[in-house]
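Undergrad: Pasting a structure below so you can have a look.
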Amino acid sequence: KVLFNISILSLVLTSFSSLPNWLHSSLYIFAGLACLIQQSFWRPYLAMKKMIIGLLHLSYFLFSFSLMFLGLSSLFKNLASFQSDIHLLLTGAVSIIGMNMMIRASLGHTGNKLHFTPFLYSIFICLIIGALLRTFIPLFFPTIAIASYHYSMGFWTLGYIFYLIKFVPLVIKARKE
């Protein structure tokens, strides 16, 4: 609980634009490290046995890594080119956390078992590929950045279409008892 409070305080302090760049960067990196340390107490290696929880741990790890990436991009401006730091956080970590919550809520509220199928894994694979394409291709191959954005949007959209295909029929039917 202490690490969580420290990481939140660090993130709140990053909102002060008058801070020196090195301190701003250090606060992001510190918040990411605090989140990683806190997550290690949740025993993520055990959670990976049940992938509905394991994917949530994966997204928390990506969130922690994204915070550190934000900090590093403040120090090394080339990492912030193409806004790769923000894309990793938003199209990667936040979207995977959100999708995991949407799937869990949709399964639970419709009376279905909280069990992941290969089709549900494909949703997350699409989101992860989309986030990685949008984040890292522009950094390493800037000449094809626009193309990588298009492919990223395609994968990301496909993941949400898969979600709709799976859950619209479940949600519009009466709940299983």
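Every chain in the structure tokens has a letter given in the order shown (A, B, ...), and although residue numbers restart at 1 in each chain, ligands are simply numbered from 1 in the order shown.
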Mind checking which residues fall within 12 Å of A:Tyr149, counting only C-alpha atoms, ignoring those fewer than 2 positions away in the same chain, and posting them as a list in words?
TA: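 Answer for this query is Phe82, Gln83, Ser84, His87, Thr91, Ile129, Gly130, Ala131, Leu132, Leu133, Arg134, Thr135, Phe136, Ile137, Pro138, Pro142, Thr143, Ile144, Ala145, Ile146, Ala147, Tyr151, Ser152, Met153, Gly154, Phe155, Trp156 and Thr157 of chain A.
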Undergrad: Which residues are near stretch 35-40 of chain A? Cut-off 7 Å, only C-alpha atoms, ignore same chain within fewer than 6 positions. Put them as an mmCIF file with C-alpha atoms, in the first residue's frame.
TA:
data_model
loop_
_atom_site.group_PDB
_atom_site.id
_atom_site.type_symbol
_atom_site.label_atom_id
_atom_site.label_comp_id
_atom_site.auth_asym_id
_atom_site.auth_seq_id
_atom_site.Cartn_x
_atom_site.Cartn_y
_atom_site.Cartn_z
ATOM 1 C CA LEU A 3 4.399 1.764 -2.714
ATOM 2 C CA PHE A 4 1.053 2.531 -4.340
ATOM 3 C CA SER A 7 3.792 5.994 -7.039
ATOM 4 C CA PHE A 61 3.338 -4.614 -16.242
ATOM 5 C CA SER A 64 4.598 0.249 -15.264
#
Undergrad: List the neighbours of A:Ala174 out to 12 Å using only C-alpha atoms; skip same-chain residues closer than 2 positions along the sequence, and give me the result as a list in words.
TA: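 The residues satisfying every condition are His109, Thr110, Gly111, Asn112, Val168, Pro169, Leu170, Val171, Ile172, Lys176 and Glu177 of chain A.
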Undergrad: Provide the atom CA of A:Thr14 to atom CA of A:Phe41 distance in Å, to one decimal place.
TA: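 For atom CA of A:Thr14 relative to atom CA of A:Phe41, the distance reads 25.4 Å.
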Undergrad: Could you work out how far atom CA of A:Leu67 lies from atom CA of A:Leu33, giving the answer in Å with one decimal?
TA: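 Calculated distance between atom CA of A:Leu33 and atom CA of A:Leu67 is 8.5 Å.
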